[in-house]
file structure_39.cif (mmCIF, C-alpha atoms (C1' of nucleotides))
data_protein
#
loop_
_atom_site.label_atom_id
_atom_site.label_comp_id
_atom_site.auth_asym_id
_atom_site.auth_seq_id
_atom_site.Cartn_x
_atom_site.Cartn_y
_atom_site.Cartn_z
CA MET U 1 114.80 75.53 90.88
CA LYS U 2 111.49 76.20 92.53
CA LEU U 3 107.95 75.41 91.56
CA SER U 4 105.74 78.31 92.59
CA LYS U 5 102.74 77.94 94.86
CA ARG U 6 100.59 78.68 91.84
CA GLY U 7 102.17 75.72 90.12
CA GLU U 8 101.90 73.46 93.11
CA TYR U 9 98.28 74.40 93.78
CA GLY U 10 97.31 74.11 90.15
CA LEU U 11 98.82 70.68 89.81
CA ARG U 12 97.31 69.45 93.06
CA ALA U 13 93.87 70.65 92.04
CA LEU U 14 94.16 69.06 88.60
CA LEU U 15 95.30 65.82 90.14
CA ASP U 16 92.26 65.81 92.40
CA LEU U 17 90.09 66.55 89.43
CA THR U 18 91.61 63.67 87.52
CA MET U 19 91.09 61.24 90.38
CA ALA U 20 87.51 62.39 90.83
CA HIS U 21 86.96 61.82 87.13
CA ALA U 22 88.43 58.34 87.42
CA LEU U 23 85.91 57.67 90.18
CA ASP U 24 82.97 58.90 88.09
CA ARG U 25 82.78 62.40 89.43
CA PRO U 26 84.01 64.40 86.48
CA LEU U 27 82.55 67.69 87.70
CA VAL U 28 84.00 69.18 90.86
CA PRO U 29 83.22 72.59 92.33
CA LEU U 30 86.11 74.82 93.21
CA THR U 31 85.20 74.84 96.88
CA ALA U 32 85.71 71.11 97.12
CA LEU U 33 89.09 71.28 95.42
CA ALA U 34 90.16 74.14 97.64
CA GLU U 35 89.01 72.42 100.80
CA ALA U 36 90.46 69.03 99.94
CA GLN U 37 93.87 70.50 99.21
CA ARG U 38 93.72 73.32 101.76
CA ILE U 39 94.23 75.97 99.15
CA PRO U 40 92.80 79.48 99.62
CA ALA U 41 89.66 79.37 97.47
CA THR U 42 90.00 82.82 95.94
CA PHE U 43 93.58 82.11 94.95
CA LEU U 44 92.67 78.79 93.41
CA GLU U 45 89.91 80.55 91.50
CA GLN U 46 92.52 82.66 89.77
CA ILE U 47 94.64 79.67 88.95
CA LEU U 48 91.82 77.57 87.56
CA ALA U 49 90.45 80.45 85.53
CA ASP U 50 93.82 80.69 83.88
CA LEU U 51 93.99 76.96 83.23
CA ARG U 52 90.54 77.12 81.71
CA GLN U 53 91.52 79.91 79.36
CA ALA U 54 94.57 77.87 78.41
CA GLY U 55 92.33 74.98 77.40
CA PHE U 56 93.16 72.49 80.13
CA LEU U 57 89.83 72.82 81.91
CA THR U 58 86.20 73.47 81.21
CA ALA U 59 83.84 75.04 83.68
CA ALA U 60 80.11 74.75 84.25
CA ARG U 61 78.53 77.75 85.94
CA GLY U 62 75.58 77.84 88.23
CA LYS U 63 74.32 75.50 90.86
CA TYR U 64 75.89 72.05 90.73
CA GLY U 65 78.49 73.46 88.42
CA GLY U 66 82.22 73.07 88.71
CA TYR U 67 85.35 72.27 86.78
CA SER U 68 86.19 69.35 84.54
CA LEU U 69 89.20 68.33 82.52
CA ALA U 70 88.94 69.61 78.97
CA LYS U 71 90.72 66.58 77.54
CA PRO U 72 91.46 63.01 78.50
CA ALA U 73 93.87 62.87 81.43
CA ASN U 74 96.41 60.92 79.43
CA GLU U 75 96.72 63.85 77.05
CA ILE U 76 97.57 66.40 79.70
CA VAL U 77 101.33 66.34 80.14
CA ILE U 78 102.77 67.61 83.41
CA GLY U 79 105.57 69.46 81.65
CA GLU U 80 103.09 71.48 79.66
CA LEU U 81 101.21 72.44 82.77
CA VAL U 82 104.39 73.52 84.50
CA ARG U 83 105.50 75.51 81.46
CA HIS U 84 102.15 77.23 81.27
CA ILE U 85 102.07 78.19 84.92
CA ASP U 86 105.72 78.74 85.76
CA GLY U 87 107.46 79.25 82.45
CA PRO U 88 110.25 77.34 80.72
CA LEU U 89 111.84 74.31 82.35
CA ALA U 90 115.42 75.38 81.62
CA PRO U 91 117.29 77.09 84.45
CA ILE U 92 118.57 79.79 82.10
CA SER U 93 117.04 81.03 78.89
CA CYS U 94 119.97 80.10 76.66
CA ALA U 95 119.43 76.46 77.63
CA SER U 96 115.72 76.42 76.82
CA VAL U 97 114.38 74.33 73.95
CA THR U 98 110.83 75.67 73.85
CA ALA U 99 111.67 79.27 74.77
CA TYR U 100 115.24 79.97 73.81
CA GLY U 101 116.60 83.41 74.51
CA ARG U 102 120.11 84.77 74.71
CA CYS U 103 121.47 85.05 78.19
CA THR U 104 123.77 87.86 79.25
CA CYS U 105 126.88 85.76 78.79
CA PRO U 106 129.31 87.29 76.30
CA ASP U 107 130.30 84.04 74.57
CA GLU U 108 127.45 81.58 74.50
CA GLU U 109 129.12 79.40 71.93
CA HIS U 110 131.95 78.27 74.18
CA CYS U 111 130.12 78.41 77.48
CA GLY U 112 130.48 75.30 79.61
CA LEU U 113 127.82 76.53 81.98
CA ARG U 114 125.33 76.53 79.17
CA LEU U 115 126.15 72.92 78.36
CA VAL U 116 125.52 71.74 81.88
CA MET U 117 122.31 73.73 82.08
CA MET U 118 121.11 72.15 78.85
CA ASP U 119 121.69 68.79 80.48
CA VAL U 120 119.65 69.92 83.46
CA ARG U 121 116.91 71.15 81.19
CA ASN U 122 116.77 67.81 79.40
CA ALA U 123 116.83 65.89 82.63
CA ILE U 124 113.82 67.84 83.88
CA SER U 125 112.01 67.45 80.60
CA ASN U 126 112.67 63.72 80.58
CA VAL U 127 110.62 63.48 83.75
CA LEU U 128 107.95 66.12 83.35
CA ASP U 129 107.26 65.52 79.67
CA ARG U 130 107.01 61.77 80.17
CA TYR U 131 104.17 61.80 82.65
CA THR U 132 100.56 62.87 82.37
CA LEU U 133 97.80 63.57 84.84
CA GLN U 134 96.68 60.01 84.14
CA HIS U 135 99.96 58.64 85.50
CA LEU U 136 99.86 60.75 88.63
CA SER U 137 96.24 59.92 89.22
CA GLU U 138 96.86 56.21 88.88
CA VAL U 139 99.79 56.09 91.23
CA THR U 140 98.02 58.20 93.81
CA LEU U 141 94.82 56.17 93.66
CA GLN U 142 96.85 53.01 93.95
CA HIS U 143 98.58 54.29 97.07
CA LEU U 144 95.28 55.32 98.57
CA ARG U 145 93.60 52.03 97.78
CA ARG U 146 96.43 50.15 99.43
CA ASP U 147 95.47 51.97 102.61
CA GLY U 148 91.75 51.57 102.03
CA LEU U 149 91.19 55.26 101.39
CA LEU U 150 89.46 57.44 98.84
CA PRO U 151 90.72 60.86 97.76
CA PRO U 152 89.35 63.44 100.20
CA VAL U 153 87.94 65.49 97.36
CA VAL U 154 85.68 62.62 96.39
CA GLU U 155 84.43 62.29 99.93
CA LEU U 156 83.65 65.98 99.90
CA ILE U 157 81.34 65.79 96.90
CA ARG U 158 79.58 62.52 97.70
CA HIS U 159 76.45 64.37 98.78
CA LEU U 160 76.12 66.29 95.53
CA PRO U 161 73.85 64.94 92.82
CA ILE U 162 75.61 63.86 89.68
CA HIS U 163 74.65 66.40 87.09
CA GLN U 164 75.23 65.46 83.50
CA ARG U 165 76.17 68.95 82.51
CA THR U 166 79.30 67.76 80.92
CA LYS U 167 77.01 67.35 77.95
CA PRO U 168 78.02 65.04 75.17
CA VAL U 169 79.96 67.13 72.71
CA PRO U 170 77.43 68.29 70.08
CA ALA U 171 79.28 67.21 67.01
CA LEU U 172 76.69 68.33 64.51
CA GLU U 173 75.84 71.60 66.13
CA LYS U 174 79.18 72.91 65.05
CA HIS U 175 78.15 72.35 61.44
CA PHE U 176 74.42 73.12 61.44
CA HIS U 177 72.16 75.54 63.10
CA VAL U 178 69.63 73.62 65.11
CA GLU U 179 66.60 74.78 67.02
CA PRO U 180 66.83 74.52 70.79
CA LYS U 181 65.49 71.22 71.99
CA THR U 182 61.78 71.12 72.86
CA THR U 183 61.27 69.47 76.18
CA SER U 184 60.23 66.02 75.18
CA LYS U 185 58.34 64.26 77.91
CA LYS U 186 59.56 61.00 79.14
CA PRO U 187 57.04 58.27 79.62
CA LYS U 188 56.89 57.44 83.29
CA PRO U 189 57.38 53.88 84.30
CA MET K 190 112.88 76.16 87.62
CA LYS K 191 115.07 79.22 87.36
CA LEU K 192 118.65 79.86 88.26
CA SER K 193 118.94 83.39 89.63
CA LYS K 194 121.25 86.00 88.20
CA ARG K 195 123.29 85.67 91.38
CA GLY K 196 123.70 82.00 90.62
CA GLU K 197 124.48 82.54 86.99
CA TYR K 198 127.01 85.31 87.69
CA GLY K 199 128.62 83.37 90.51
CA LEU K 200 129.07 80.28 88.38
CA ARG K 201 130.37 82.23 85.41
CA ALA K 202 132.92 84.02 87.56
CA LEU K 203 134.06 80.79 89.19
CA LEU K 204 134.39 79.14 85.83
CA ASP K 205 136.58 81.99 84.62
CA LEU K 206 138.62 81.70 87.78
CA THR K 207 139.07 77.99 87.19
CA MET K 208 140.16 78.48 83.62
CA ALA K 209 142.57 81.21 84.64
CA HIS K 210 144.00 78.86 87.23
CA ALA K 211 144.40 76.16 84.62
CA LEU K 212 146.37 78.66 82.56
CA ASP K 213 148.67 79.58 85.45
CA ARG K 214 146.86 82.67 86.59
CA PRO K 215 145.36 81.52 89.87
CA LEU K 216 144.78 85.03 91.22
CA VAL K 217 142.26 87.18 89.41
CA PRO K 218 141.02 90.58 90.51
CA LEU K 219 137.30 91.13 90.64
CA THR K 220 137.39 93.83 88.01
CA ALA K 221 138.75 91.39 85.44
CA LEU K 222 136.08 88.82 86.23
CA ALA K 223 133.37 91.44 86.05
CA GLU K 224 134.61 92.86 82.80
CA ALA K 225 135.18 89.51 81.11
CA GLN K 226 131.69 88.33 81.96
CA ARG K 227 129.96 91.72 81.73
CA ILE K 228 128.70 91.52 85.27
CA PRO K 229 128.15 94.73 87.31
CA ALA K 230 131.27 94.84 89.45
CA THR K 231 129.59 95.89 92.69
CA PHE K 232 127.06 93.14 92.35
CA LEU K 233 129.72 90.54 91.70
CA GLU K 234 131.56 91.83 94.72
CA GLN K 235 128.62 90.80 96.89
CA ILE K 236 128.42 87.41 95.31
CA LEU K 237 132.11 86.60 95.61
CA ALA K 238 132.25 87.84 99.18
CA ASP K 239 129.53 85.34 99.99
CA LEU K 240 131.33 82.54 98.18
CA ARG K 241 134.48 83.38 100.07
CA GLN K 242 132.71 83.21 103.42
CA ALA K 243 131.28 79.87 102.35
CA GLY K 244 134.77 78.53 101.77
CA PHE K 245 134.77 78.23 97.99
CA LEU K 246 137.16 81.13 97.45
CA THR K 247 140.06 82.87 99.06
CA ALA K 248 140.85 86.53 98.56
CA ALA K 249 144.06 88.53 98.66
CA ARG K 250 143.66 92.18 99.46
CA GLY K 251 145.70 95.11 98.32
CA LYS K 252 147.46 95.86 95.11
CA TYR K 253 147.84 92.88 92.81
CA GLY K 254 145.34 91.05 94.95
CA GLY K 255 142.28 89.17 93.78
CA TYR K 256 140.35 85.97 94.21
CA SER K 257 141.46 82.36 93.96
CA LEU K 258 139.75 79.04 94.33
CA ALA K 259 140.01 77.79 97.89
CA LYS K 260 140.23 74.14 96.82
CA PRO K 261 141.17 72.17 93.73
CA ALA K 262 138.63 72.69 90.98
CA ASN K 263 137.78 69.01 90.85
CA GLU K 264 136.50 69.23 94.42
CA ILE K 265 134.06 72.04 93.79
CA VAL K 266 130.81 70.43 92.72
CA ILE K 267 128.35 72.52 90.72
CA GLY K 268 125.39 71.24 92.70
CA GLU K 269 126.88 72.49 95.93
CA LEU K 270 127.46 75.91 94.46
CA VAL K 271 123.90 76.09 93.20
CA ARG K 272 122.55 74.94 96.55
CA HIS K 273 124.60 77.53 98.36
CA ILE K 274 123.54 80.41 96.15
CA ASP K 275 120.01 79.48 95.17
CA GLY K 276 118.85 76.94 97.72
CA PRO K 277 117.73 73.32 97.37
CA LEU K 278 117.55 71.67 93.97
CA ALA K 279 114.11 70.14 94.54
CA PRO K 280 111.15 72.03 93.05
CA ILE K 281 109.18 71.65 96.28
CA SER K 282 110.46 71.21 99.79
CA CYS K 283 108.82 67.85 100.41
CA ALA K 284 110.89 66.42 97.54
CA SER K 285 114.22 67.70 98.82
CA VAL K 286 116.91 65.29 100.00
CA THR K 287 119.30 67.79 101.54
CA ALA K 288 116.68 70.21 102.88
CA TYR K 289 113.45 68.31 103.40
CA GLY K 290 110.49 70.26 104.69
CA ARG K 291 106.81 69.51 104.73
CA CYS K 292 104.87 71.13 101.98
CA THR K 293 101.34 72.40 102.47
CA CYS K 294 99.78 69.31 100.98
CA PRO K 295 97.42 67.54 103.39
CA ASP K 296 98.49 64.00 102.56
CA GLU K 297 102.12 63.80 101.62
CA GLU K 298 102.24 60.06 101.97
CA HIS K 299 99.95 59.37 99.05
CA CYS K 300 100.84 62.36 96.92
CA GLY K 301 101.65 61.51 93.31
CA LEU K 302 102.88 65.04 92.70
CA ARG K 303 105.53 64.55 95.33
CA LEU K 304 106.74 61.40 93.59
CA VAL K 305 107.19 63.11 90.27
CA MET K 306 108.93 66.04 91.92
CA MET K 307 111.31 63.67 93.67
CA ASP K 308 112.16 62.27 90.24
CA VAL K 309 112.81 65.78 89.01
CA ARG K 310 114.99 66.51 91.99
CA ASN K 311 117.03 63.39 91.38
CA ALA K 312 117.33 64.14 87.70
CA ILE K 313 118.71 67.59 88.47
CA SER K 314 121.07 66.21 91.09
CA ASN K 315 122.32 63.55 88.72
CA VAL K 316 123.60 66.32 86.51
CA LEU K 317 124.67 69.04 88.91
CA ASP K 318 126.23 66.75 91.51
CA ARG K 319 128.18 64.84 88.89
CA TYR K 320 130.15 67.74 87.49
CA THR K 321 132.75 70.00 89.03
CA LEU K 322 134.33 73.29 88.06
CA GLN K 323 137.14 71.19 86.63
CA HIS K 324 134.77 69.56 84.15
CA LEU K 325 133.23 72.84 83.05
CA SER K 326 136.63 74.43 82.74
CA GLU K 327 137.98 71.61 80.64
CA VAL K 328 135.11 71.54 78.22
CA THR K 329 135.13 75.30 77.85
CA LEU K 330 138.87 75.49 77.30
CA GLN K 331 138.63 72.71 74.78
CA HIS K 332 135.96 74.57 72.83
CA LEU K 333 138.01 77.74 72.93
CA ARG K 334 141.19 75.99 71.85
CA ARG K 335 139.41 74.47 68.91
CA ASP K 336 138.75 78.01 67.73
CA GLY K 337 142.22 79.21 68.64
CA LEU K 338 141.01 81.41 71.47
CA LEU K 339 141.90 82.05 75.08
CA PRO K 340 139.35 82.93 77.76
CA PRO K 341 138.82 86.70 77.71
CA VAL K 342 139.52 86.92 81.42
CA VAL K 343 143.04 85.63 80.83
CA GLU K 344 143.65 88.22 78.15
CA LEU K 345 142.51 90.88 80.57
CA ILE K 346 145.10 90.02 83.19
CA ARG K 347 148.06 89.36 80.95
CA HIS K 348 149.64 92.67 81.82
CA LEU K 349 149.56 92.07 85.57
CA PRO K 350 152.65 90.67 87.26
CA ILE K 351 152.21 87.23 88.71
CA HIS K 352 152.24 87.72 92.42
CA GLN K 353 152.94 84.67 94.44
CA ARG K 354 150.69 85.70 97.26
CA THR K 355 148.69 82.59 97.38
CA LYS K 356 150.38 79.28 97.96
CA PRO K 357 152.79 78.28 95.21
CA VAL K 358 150.90 76.75 92.33
CA PRO K 359 151.31 72.99 92.73
CA ALA K 360 152.80 72.22 89.36
CA LEU K 361 152.51 68.48 89.52
CA GLU K 362 148.93 68.43 90.67
CA LYS K 363 147.90 69.62 87.26
CA HIS K 364 149.37 66.55 85.67
CA PHE K 365 148.52 63.90 88.21
CA HIS K 366 145.55 63.22 90.31
CA VAL K 367 146.76 63.24 93.89
CA GLU K 368 144.84 62.48 97.02
CA PRO K 369 144.36 65.35 99.43
CA LYS K 370 147.28 65.36 101.83
CA THR K 371 146.79 63.18 104.87
CA THR K 372 148.60 63.66 108.12
CA SER K 373 150.53 60.46 107.71
CA LYS K 374 154.16 61.18 106.92
CA LYS K 375 155.65 59.79 103.86
CA PRO K 376 159.25 58.64 103.96
CA LYS K 377 161.40 61.08 102.13
CA PRO K 378 163.66 59.83 99.44
"C1'" DT X 379 155.57 107.62 103.78
"C1'" DC X 380 152.23 108.28 100.19
"C1'" DT X 381 149.53 106.55 96.44
"C1'" DT X 382 146.96 103.25 94.17
"C1'" DA X 383 144.72 98.99 93.60
"C1'" DT X 384 142.46 95.85 95.66
"C1'" DC X 385 139.08 93.38 98.95
"C1'" DT X 386 135.32 94.17 103.24
"C1'" DT X 387 131.20 95.39 105.26
"C1'" DA X 388 126.93 97.34 105.72
"C1'" DA X 389 123.23 99.83 104.42
"C1'" DC X 390 120.26 101.46 100.92
"C1'" DT X 391 116.97 101.34 96.75
"C1'" DA X 392 114.04 100.43 92.73
"C1'" DT X 393 111.48 97.05 90.53
"C1'" DT X 394 109.29 92.85 90.04
"C1'" DC X 395 107.23 88.76 91.79
"C1'" DT X 396 104.49 86.11 94.97
"C1'" DA X 397 100.69 84.93 97.21
"C1'" DG X 398 97.15 86.20 97.97
"C1'" DT X 399 92.29 89.39 98.90
"C1'" DC X 400 88.14 91.77 97.51
"C1'" DA X 401 84.07 93.45 95.09
"C1'" DG X 402 80.68 93.00 91.96
"C1'" DG X 403 78.64 90.45 88.13
"C1'" DA X 404 76.79 86.46 85.25
"C1'" DT X 405 74.80 81.90 84.99
"C1'" DT X 406 72.20 77.89 86.25
"C1'" DA X 407 69.28 74.39 89.04
"C1'" DA X 408 65.81 73.89 91.99
"C1'" DT D 409 63.35 83.80 93.25
"C1'" DT D 410 67.17 82.03 95.63
"C1'" DA D 411 71.34 79.71 96.37
"C1'" DA D 412 75.35 77.89 94.46
"C1'" DT D 413 78.40 78.28 91.40
"C1'" DC D 414 81.88 80.39 87.98
"C1'" DC D 415 83.88 85.18 85.87
"C1'" DT D 416 86.46 89.39 85.73
"C1'" DG D 417 89.34 92.79 87.16
"C1'" DA D 418 91.38 95.54 90.46
"C1'" DC D 419 93.91 95.76 94.56
"C1'" DT D 420 97.65 94.87 98.17
"C1'" DA D 421 101.30 93.51 101.62
"C1'" DG D 422 105.47 91.46 101.83
"C1'" DA D 423 109.42 89.17 99.93
"C1'" DA D 424 112.79 88.51 96.50
"C1'" DT D 425 115.71 90.17 92.86
"C1'" DA D 426 119.10 92.85 91.03
"C1'" DG D 427 121.45 95.86 91.88
"C1'" DT D 428 123.94 100.78 94.05
"C1'" DT D 429 126.36 103.55 97.45
"C1'" DA D 430 129.52 104.75 100.98
"C1'" DA D 431 133.10 104.25 104.20
"C1'" DG D 432 136.60 101.47 105.33
"C1'" DA D 433 141.00 97.96 105.63
"C1'" DT D 434 145.04 96.09 103.51
"C1'" DA D 435 149.00 95.51 100.67
"C1'" DA D 436 152.54 96.73 97.02
"C1'" DG D 437 155.40 99.89 95.08
"C1'" DA D 438 157.34 104.57 94.32
#
call {"tool": "encode", "arguments": {"input": "structure_39.cif", "output": "structure tokens"}}
result
Amino acid sequence: MKLSKRGEYGLRALLDLTMAHALDRPLVPLTALAEAQRIPATFLEQILADLRQAGFLTAARGKYGGYSLAKPANEIVIGELVRHIDGPLAPISCASVTAYGRCTCPDEEHCGLRLVMMDVRNAISNVLDRYTLQHLSEVTLQHLRRDGLLPPVVELIRHLPIHQRTKPVPALEKHFHVEPKTTSKKPKP
Amino acid sequence: MKLSKRGEYGLRALLDLTMAHALDRPLVPLTALAEAQRIPATFLEQILADLRQAGFLTAARGKYGGYSLAKPANEIVIGELVRHIDGPLAPISCASVTAYGRCTCPDEEHCGLRLVMMDVRNAISNVLDRYTLQHLSEVTLQHLRRDGLLPPVVELIRHLPIHQRTKPVPALEKHFHVEPKTTSKKPKP
DNA sequence: TCTTATCTTAACTATTCTAGTCAGGATTAA
DNA sequence: TTAATCCTGACTAGAATAGTTAAGATAAGA
């Protein structure tokens, strides 16, 4: 019934990212996530690259780049993350709702084991599909606040400038071709 | 969140054994279990040997030998079987009740991931620790009866003589729930 | 006693999975 | 131009998984 290290690391990193976002640091470099959670950086790189390709994250390259959540934290369900990283929730394939497959049992229709495993599957889903990154972030931040602490990852990126590279989504650019912006000069105060 | 093949095969074989017992065939040779469930016999041999050493089964060697449950089916809890074969129910060690171990996370005390995984662990336990082989056997037999069938394993051993090598089948225990025998002597009528 | 059916034990193997590492490249801010 | 970042793909050591193989020990029945 194990969650893999990949899964554990991925979730921990996303949780840090969510908390950082909640504290106005929506862009976090991988190194900070890896250091805060003591995850081997090159391994985490793999994991986050995968989560980006799956649409959970966005990344900004280059100096002062990093990762951000691709959607609001309350739309990222833990169960979906676990399914993406570690596969179906059900202990055996014939008990899976989202990824049903026949098991090797000769008579699935009458199988009492299948019934109990379907109950297990639903019990897991009732937890993991109920909560989002938002929930985990809130409860963790609340615990930390009670002890007067901030998430370590936020401490680690305090010194970095806040770069507004998480540009406002260019709604019109998707519909029109527009010339690249000419550098308009700001009047100095 | 997977159950291993070992776990699946072990549970299927035990369930067959329980149903056979319920139908007055408490002693089943490995070959019948393997054939009925389409499990490689030599692999199942390994699994049952382990379950015997763990005290869930007894074995009778020699001709007309086989395996039997070592205790009444209503005392063999599915969760314990799964724990024995596949390890703790909790997805990560820091969420385990019966086998707690620190995970690699730097701040377990405030970890929201741990909380959700403890909920998952409890949800799994609430299913697997509630049901016994007796329950699974009953529901499976009921399904089979509804379709006018017997468990294949029982068909497979019909031709074998019933050898009273294990303790006499306690006829009344099937009809009444009786407490495990205590050492206190009851007055004889 | 001999044969046959059964469990016992231990070692062996092939494949896949896990948990990473490593090298080189592309992109961006300063 | 340089430093900090993400990107991609290949690589690997070790463990786990799912078995197989071989040489016994035991018991029933002829």
call {"tool": "residues_around", "arguments": {"input": "structure_39.cif", "residues": "DA424 (chain D)", "least_positions_apart": "4", "cutoff": "12 Å", "atoms": "only C-alpha atoms (C1' of nucleotides)", "output": "NGL selection string"}}
result
(:K and (193 or 275)) or (:X and (393-396))
call {"tool": "interface_residues", "arguments": {"input": "structure_39.cif", "of": "chain U", "to": "chain K", "cutoff": "8 Å", "atoms": "only C-alpha atoms", "output": "PyMOL selection string"}}
result
chain U and resi 1-3+11-12+36-38+86+88-92+104-106+110-113+116+119-120+123-124+127-128+136-137+139-140+143-144
call {"tool": "closest_atom_pairs", "arguments": {"input": "structure_39.cif", "of": "chain U", "to": "chain D", "cutoff": "8 Å", "atoms": "only C-alpha atoms (C1' of nucleotides)", "output": "CSV"}}
result
residue,atom,partner,partner_atom,distance
U:Pro29,CA,D:DT413,C1',7.5
U:Ala59,CA,D:DC414,C1',7.1
U:Ala60,CA,D:DC414,C1',7.0
U:Arg61,CA,D:DC414,C1',4.7
U:Gly62,CA,D:DT413,C1',4.3
U:Lys63,CA,D:DA412,C1',4.4
U:Tyr64,CA,D:DT413,C1',6.7
U:Gly65,CA,D:DT413,C1',5.7
U:Gly66,CA,D:DT413,C1',7.0
call {"tool": "resolve_selection", "arguments": {"input": "structure_39.cif", "expression": "the PyMOL selection byres ((chain X) within 7 of (chain U))", "output": "PyMOL selection string"}}
result
chain X and resi 398+405-407
call {"tool": "atom_distance", "arguments": {"input": "structure_39.cif", "atom1": "CA of Cys283 (chain K)", "atom2": "CA of Leu156 (chain U)"}}
result
25.2 Å
call {"tool": "closest_residue", "arguments": {"input": "structure_39.cif", "among": "K:Gly244, K:Ala284, K:Ala230, K:Gln235", "to": "Glu297 (chain K)", "atoms": "all atoms listed in the file"}}
result
K:Ala284
call {"tool": "residues_near_point", "arguments": {"input": "structure_39.cif", "point": "(140.5, 93.5, 84.0)", "cutoff": "10 Å", "atoms": "only C-alpha atoms (C1' of nucleotides)", "output": "list in words"}}
result
Val217, Pro218, Leu219, Thr220, Ala221, Leu222, Ala223, Glu224, Ala225, Pro341, Val342, Val343, Glu344, Leu345, Ile346, Arg347, His348 and Leu349 of chain K
call {"tool": "atom_distance", "arguments": {"input": "structure_39.cif", "atom1": "CA of Arg241 (chain K)", "atom2": "CA of Val286 (chain K)"}}
result
25.2 Å
call {"tool": "atom_distance", "arguments": {"input": "structure_39.cif", "atom1": "CA of Leu270 (chain K)", "atom2": "CA of Ser257 (chain K)"}}
result
15.4 Å
